[in-house]
Amino acid sequence: MTSRRSRSSRRPPGSPLARGRKDFEKRRFADALEALSAADRAEPLGADDLDRLAVSAGILGRDEEFFQALERSHHAHLAAGNAASAARAAFWLGFRLLSLGETGRGTGWHARAQRVLDEAGLDGAERGYLMLPVAHRHLAAREWDAARGIAADAAGTARRFSDADLLALALNLEGRAFLGDGRIAEGLALIDEAMVAVSSGELSPIVTGLVYCMVIRSCQDVYAFGRAREWTAALKAFCDAQPGGVSFTGQCLVHRSEVLQWNGQWEDAIAEARRASERLLASAPERAAAPAFYQQGELHRLRGEFDAAEEAYASASRWGAEPQPGLALLRAAQGRIEAAASAMRRVVSAATDWTERTRLLPAHVEILVAAGDVEEARRAAAELEAAAARLDAEVVSAMAARARGAVRLAAGDAASALEPLRQAFEIWSRLGAPYLAARVRELLGRACRELGDEDGWRLETEAARAVYRELGAAPDLARLEAPARGGSAARPRGLTARELQVLRLVAGGKTNKAIAAELFLSEKTVDRHVSNIYDKLGVSSRAAATACAYEHRLV
């Protein structure tokens, strides 16, 4: 009997099937899907063409068509006696279902793939693919040794059977296990090895996109900023080469927005973040859009568009993302320092993974300094320094140096703040992060002024102001104007912004209880601020603090 596959292979060159195959080979997936679907309606496709139909639908984010084509492919391969291809189709069905959160169906298809291989007595690359979800589960549970061992076994299977797709996926998972365990150099080496196959075009389209996205996320997790920037550009080129493709373009746009933000291209960054949320809501499980909304919140916050930021952070939370530290930084920018500090204390105390804590600590230090809690800020800065030593990453070193300088400045030790602040500025400048460099210059200017160097203060502050103005960083510009509105002199003895606010109210004759009501703080918090003010000014009474405020032209 003539098989469907052999019948379809004799169709004329100008037929929809021939066009679909040609479009598929040229990676014109929208055209391939249309032509192959037309051919399928005329006469049911064979197994190999159903695979092509499934890949085209998958790249385009057409999940239902992907599932239908792949399930038919699975049965067609079984009917043809091709157990390996049937198992592979079952694997990809399960893989996509698991990514959509359909655990029951996903694990069911993986169990079927395992059974097909066992009944056929096959030992091939397909067994390596079935190790991958097991490694994923261990990664999710932070069981690094187990994940690493299983991923290494999968990589060994890939090498035995010369399967480039499997090898790239397995190396990526093995590298992520090393990264999670803090073994950064070993993890990045494996990830770089996986990317060799990606960049040389050895992989199938779906695996190429998957590996790009996973590698970029891993690089960002360990602050390998140069690699993240490089692979984001490569991912964009890959996505641009897949006309109509949406499966990876959503994640690609989020990563690209983050890189553009670092580069200081905020207008382009927010446009990409908006496009990302639209793409992800249309083509993926809705929770996948959460990072795009969080990224929008970050950019709106930096530009002073607080209502839009609030809405974006709420959307990120609605789709399952933690909106911190962005939301806490928004609260701080709104003057709600105590609310910001409470939120950061909550998320930092709950964070146990070192990568998550490292992500949170820079904002935690900034907010604690604004809240006047210098000692807690000092402890958080010390933890960030320990993370920098562990990671040996320039980005974390810059974050730690800025935190150390900010804490010393808040404690009234402007002289010792200069060295770490200069170190942070040098790194951010070299990495091409103008906003972060400007934030450090602002602190350097403040340190100069507290040391009596008015020219240094003016130069650093004006340089920061120019960057803020160019980027549209409205809250930062407003902050630079605040000292001018409150008096021409620098803050005395390292008072924080909140302590300066409290001192003015003390000088105005308000009680701690009245100050607490006006600033929406607890009376205990105001008591702590007043105590810090006394210590920094070297006074012991409200009258003496008031005299100091008038002496420094703060009221």
# chains A, B, ... in the order shown; residues from 1 in each chain; ligands from 1
call {"tool": "residues_around", "arguments": {"residues": "range 509-511 of chain A", "least_positions_apart": "6", "cutoff": "10 Å", "atoms": "only C-alpha atoms", "output": "mmCIF file with N, CA and C atoms, in the first residue's frame"}}
result
data_model
loop_
_atom_site.group_PDB
_atom_site.id
_atom_site.type_symbol
_atom_site.label_atom_id
_atom_site.label_comp_id
_atom_site.auth_asym_id
_atom_site.auth_seq_id
_atom_site.Cartn_x
_atom_site.Cartn_y
_atom_site.Cartn_z
ATOM 1 N N VAL A 502 12.423 66.503 58.463
ATOM 2 C CA VAL A 502 12.015 66.486 59.880
ATOM 3 C C VAL A 502 12.621 67.674 60.623
ATOM 4 N N LEU A 503 13.891 67.980 60.348
ATOM 5 C CA LEU A 503 14.548 69.103 61.027
ATOM 6 C C LEU A 503 13.822 70.409 60.756
ATOM 7 N N ALA A 517 2.108 62.912 61.925
ATOM 8 C CA ALA A 517 0.833 63.049 61.217
ATOM 9 C C ALA A 517 1.022 63.722 59.863
ATOM 10 N N GLU A 518 1.869 64.744 59.820
ATOM 11 C CA GLU A 518 2.065 65.490 58.572
ATOM 12 C C GLU A 518 2.774 64.661 57.511
ATOM 13 N N GLU A 523 4.987 57.635 64.981
ATOM 14 C CA GLU A 523 5.689 58.519 65.926
ATOM 15 C C GLU A 523 7.040 57.918 66.304
ATOM 16 N N VAL A 526 9.555 58.901 63.704
ATOM 17 C CA VAL A 526 9.975 60.299 63.861
ATOM 18 C C VAL A 526 10.941 60.428 65.029
ATOM 19 N N ARG A 542 15.915 70.324 71.088
ATOM 20 C CA ARG A 542 15.214 70.841 69.923
ATOM 21 C C ARG A 542 15.637 72.287 69.652
ATOM 22 N N ALA A 543 15.891 73.038 70.715
ATOM 23 C CA ALA A 543 16.307 74.435 70.538
ATOM 24 C C ALA A 543 17.652 74.505 69.809
ATOM 25 N N THR A 546 17.176 73.583 66.217
ATOM 26 C CA THR A 546 16.554 74.698 65.498
ATOM 27 C C THR A 546 17.590 75.769 65.163
#
call {"tool": "residues_around", "arguments": {"residues": "Ser37 in chain A", "least_positions_apart": "2", "cutoff": "10 Å", "atoms": "only C-alpha atoms", "output": "PDB file with N, CA, C and O atoms, in the first residue's frame"}}
result
ATOM      1  N   PRO A  16       0.457  23.547  -3.358  1.00  0.00           N
ATOM      2  CA  PRO A  16       0.607  24.154  -2.027  1.00  0.00           C
ATOM      3  C   PRO A  16       1.641  23.423  -1.178  1.00  0.00           C
ATOM      4  O   PRO A  16       2.379  24.057  -0.422  1.00  0.00           O
ATOM      5  N   LEU A  17       1.704  22.094  -1.327  1.00  0.00           N
ATOM      6  CA  LEU A  17       2.671  21.345  -0.518  1.00  0.00           C
ATOM      7  C   LEU A  17       4.093  21.731  -0.894  1.00  0.00           C
ATOM      8  O   LEU A  17       4.939  21.966  -0.015  1.00  0.00           O
ATOM      9  N   GLY A  20       4.768  25.117   0.412  1.00  0.00           N
ATOM     10  CA  GLY A  20       4.920  25.087   1.863  1.00  0.00           C
ATOM     11  C   GLY A  20       6.281  24.576   2.287  1.00  0.00           C
ATOM     12  O   GLY A  20       6.914  25.130   3.192  1.00  0.00           O
ATOM     13  N   ASP A  31       3.992  32.060   5.495  1.00  0.00           N
ATOM     14  CA  ASP A  31       3.644  31.518   4.180  1.00  0.00           C
ATOM     15  C   ASP A  31       3.613  29.989   4.214  1.00  0.00           C
ATOM     16  O   ASP A  31       2.752  29.352   3.590  1.00  0.00           O
ATOM     17  N   ALA A  32       4.567  29.400   4.954  1.00  0.00           N
ATOM     18  CA  ALA A  32       4.610  27.937   5.056  1.00  0.00           C
ATOM     19  C   ALA A  32       3.347  27.408   5.711  1.00  0.00           C
ATOM     20  O   ALA A  32       2.765  26.410   5.263  1.00  0.00           O
ATOM     21  N   LEU A  33       2.910  28.070   6.779  1.00  0.00           N
ATOM     22  CA  LEU A  33       1.702  27.612   7.480  1.00  0.00           C
ATOM     23  C   LEU A  33       0.492  27.687   6.567  1.00  0.00           C
ATOM     24  O   LEU A  33      -0.324  26.749   6.514  1.00  0.00           O
ATOM     25  N   GLU A  34       0.378  28.769   5.819  1.00  0.00           N
ATOM     26  CA  GLU A  34      -0.768  28.924   4.926  1.00  0.00           C
ATOM     27  C   GLU A  34      -0.756  27.854   3.837  1.00  0.00           C
ATOM     28  O   GLU A  34      -1.789  27.215   3.563  1.00  0.00           O
ATOM     29  N   ALA A  35       0.403  27.630   3.214  1.00  0.00           N
ATOM     30  CA  ALA A  35       0.480  26.673   2.116  1.00  0.00           C
ATOM     31  C   ALA A  35       0.306  25.237   2.613  1.00  0.00           C
ATOM     32  O   ALA A  35      -0.417  24.439   1.993  1.00  0.00           O
ATOM     33  N   ALA A  39      -2.591  22.545   1.661  1.00  0.00           N
ATOM     34  CA  ALA A  39      -2.292  21.195   1.165  1.00  0.00           C
ATOM     35  C   ALA A  39      -2.974  20.137   2.027  1.00  0.00           C
ATOM     36  O   ALA A  39      -3.491  19.137   1.520  1.00  0.00           O
ATOM     37  N   ASP A  40      -2.996  20.380   3.334  1.00  0.00           N
ATOM     38  CA  ASP A  40      -3.600  19.421   4.265  1.00  0.00           C
ATOM     39  C   ASP A  40      -5.104  19.311   4.053  1.00  0.00           C
ATOM     40  O   ASP A  40      -5.698  18.237   4.197  1.00  0.00           O
ATOM     41  N   ARG A  41      -5.728  20.444   3.697  1.00  0.00           N
ATOM     42  CA  ARG A  41      -7.163  20.407   3.439  1.00  0.00           C
ATOM     43  C   ARG A  41      -7.470  19.617   2.170  1.00  0.00           C
ATOM     44  O   ARG A  41      -8.503  18.948   2.075  1.00  0.00           O
ATOM     45  N   ALA A  42      -6.578  19.690   1.205  1.00  0.00           N
ATOM     46  CA  ALA A  42      -6.782  18.954  -0.052  1.00  0.00           C
ATOM     47  C   ALA A  42      -6.533  17.467   0.138  1.00  0.00           C
ATOM     48  O   ALA A  42      -7.269  16.629  -0.407  1.00  0.00           O
ATOM     49  N   GLU A  43      -5.514  17.117   0.890  1.00  0.00           N
ATOM     50  CA  GLU A  43      -5.191  15.715   1.171  1.00  0.00           C
ATOM     51  C   GLU A  43      -4.361  15.680   2.442  1.00  0.00           C
ATOM     52  O   GLU A  43      -3.381  16.421   2.551  1.00  0.00           O
ATOM     53  N   PRO A  44      -4.726  14.869   3.424  1.00  0.00           N
ATOM     54  CA  PRO A  44      -4.016  14.864   4.712  1.00  0.00           C
ATOM     55  C   PRO A  44      -2.505  14.709   4.529  1.00  0.00           C
ATOM     56  O   PRO A  44      -2.031  13.876   3.750  1.00  0.00           O
ATOM     57  N   LEU A  45      -1.765  15.541   5.252  1.00  0.00           N
ATOM     58  CA  LEU A  45      -0.312  15.533   5.161  1.00  0.00           C
ATOM     59  C   LEU A  45       0.280  14.286   5.797  1.00  0.00           C
ATOM     60  O   LEU A  45      -0.307  13.688   6.712  1.00  0.00           O
ATOM     61  N   LEU A  50       3.583  17.191   8.559  1.00  0.00           N
ATOM     62  CA  LEU A  50       2.894  17.627   9.772  1.00  0.00           C
ATOM     63  C   LEU A  50       3.885  18.231  10.763  1.00  0.00           C
ATOM     64  O   LEU A  50       3.564  19.189  11.474  1.00  0.00           O
ATOM     65  N   LEU A  53       4.404  21.679   9.564  1.00  0.00           N
ATOM     66  CA  LEU A  53       3.229  22.476   9.907  1.00  0.00           C
ATOM     67  C   LEU A  53       3.260  22.869  11.381  1.00  0.00           C
ATOM     68  O   LEU A  53       2.971  24.023  11.748  1.00  0.00           O
ATOM     69  N   GLU A  65      -3.129  25.134  16.623  1.00  0.00           N
ATOM     70  CA  GLU A  65      -2.683  24.488  15.388  1.00  0.00           C
ATOM     71  C   GLU A  65      -1.397  23.689  15.624  1.00  0.00           C
ATOM     72  O   GLU A  65      -1.198  22.614  15.044  1.00  0.00           O
ATOM     73  N   ALA A  69      -1.353  19.666  14.944  1.00  0.00           N
ATOM     74  CA  ALA A  69      -0.414  19.123  13.959  1.00  0.00           C
ATOM     75  C   ALA A  69       0.555  18.135  14.615  1.00  0.00           C
ATOM     76  O   ALA A  69       0.857  17.072  14.053  1.00  0.00           O
TER      77      ALA A  69
END
call {"tool": "residues_around", "arguments": {"residues": "Gly124 in chain A", "least_positions_apart": "4", "cutoff": "10 Å", "atoms": "only C-alpha atoms", "output": "ChimeraX atom specification"}}
result
/A:84,117,128-129,157-158,160-163
call {"tool": "closest_residue", "arguments": {"among": "A:His74, A:His136, A:Lys26, A:Arg479", "to": "Arg112 in chain A", "atoms": "only C-alpha atoms"}}
result
A:His74
call {"tool": "residues_around", "arguments": {"residues": "Ala309 in chain A", "least_positions_apart": "6", "cutoff": "8 Å", "atoms": "only C-alpha atoms", "output": "JSON, numbers by chain"}}
result
{"A": [296, 297, 298, 299, 300, 301, 330]}
call {"tool": "atom_distance", "arguments": {"atom1": "CA of Gly182 in chain A", "atom2": "CA of Val407 in chain A"}}
result
26.7 Å
call {"tool": "closest_residue", "arguments": {"among": "A:Asp145, A:Asp153, A:Glu230, A:Glu305", "to": "Ile270 in chain A", "atoms": "only C-alpha atoms"}}
result
A:Glu305
call {"tool": "residues_around", "arguments": {"residues": "range 455-470 of chain A", "least_positions_apart": "3", "cutoff": "9 Å", "atoms": "only C-alpha atoms", "output": "PDB file with C-alpha atoms, in the first residue's frame"}}
result
ATOM      1  CA  PRO A 434      24.596  56.993  31.618  1.00  0.00           C
ATOM      2  CA  TYR A 435      21.719  57.206  34.098  1.00  0.00           C
ATOM      3  CA  ALA A 437      26.640  57.026  36.232  1.00  0.00           C
ATOM      4  CA  ALA A 438      24.710  60.289  36.715  1.00  0.00           C
ATOM      5  CA  ARG A 439      23.154  59.055  39.970  1.00  0.00           C
ATOM      6  CA  VAL A 440      26.657  58.445  41.294  1.00  0.00           C
ATOM      7  CA  ARG A 441      27.853  61.874  40.125  1.00  0.00           C
ATOM      8  CA  GLU A 442      25.022  63.431  42.093  1.00  0.00           C
ATOM      9  CA  LEU A 443      26.303  61.709  45.248  1.00  0.00           C
ATOM     10  CA  LEU A 444      29.863  62.743  44.435  1.00  0.00           C
ATOM     11  CA  GLY A 445      28.697  66.337  44.169  1.00  0.00           C
ATOM     12  CA  ARG A 446      27.000  66.121  47.531  1.00  0.00           C
ATOM     13  CA  ALA A 447      30.172  64.712  49.098  1.00  0.00           C
ATOM     14  CA  CYS A 448      32.242  67.522  47.575  1.00  0.00           C
ATOM     15  CA  ARG A 449      29.934  70.150  48.983  1.00  0.00           C
ATOM     16  CA  GLU A 450      29.949  68.669  52.444  1.00  0.00           C
ATOM     17  CA  GLY A 452      33.595  72.495  51.318  1.00  0.00           C
ATOM     18  CA  ALA A 473      14.447  61.887  34.331  1.00  0.00           C
ATOM     19  CA  ALA A 474      11.959  64.330  35.865  1.00  0.00           C
ATOM     20  CA  PRO A 475      12.097  63.099  39.499  1.00  0.00           C
ATOM     21  CA  ASP A 476      15.885  63.341  39.538  1.00  0.00           C
ATOM     22  CA  LEU A 477      15.789  66.868  38.137  1.00  0.00           C
ATOM     23  CA  LEU A 480      18.412  68.472  42.332  1.00  0.00           C
TER      24      LEU A 480
END
call {"tool": "closest_residue", "arguments": {"among": "A:Arg159, A:Arg176, A:His529, A:Arg127", "to": "Val215 in chain A", "atoms": "only C-alpha atoms"}}
result
A:Arg176
call {"tool": "closest_residue", "arguments": {"among": "A:Ala350, A:Lys236, A:Asp118, A:Gly226", "to": "Arg430 in chain A", "atoms": "only C-alpha atoms"}}
result
A:Gly226
call {"tool": "atom_distance", "arguments": {"atom1": "CA of Ile515 in chain A", "atom2": "CA of Ala370 in chain A"}}
result
16.6 Å
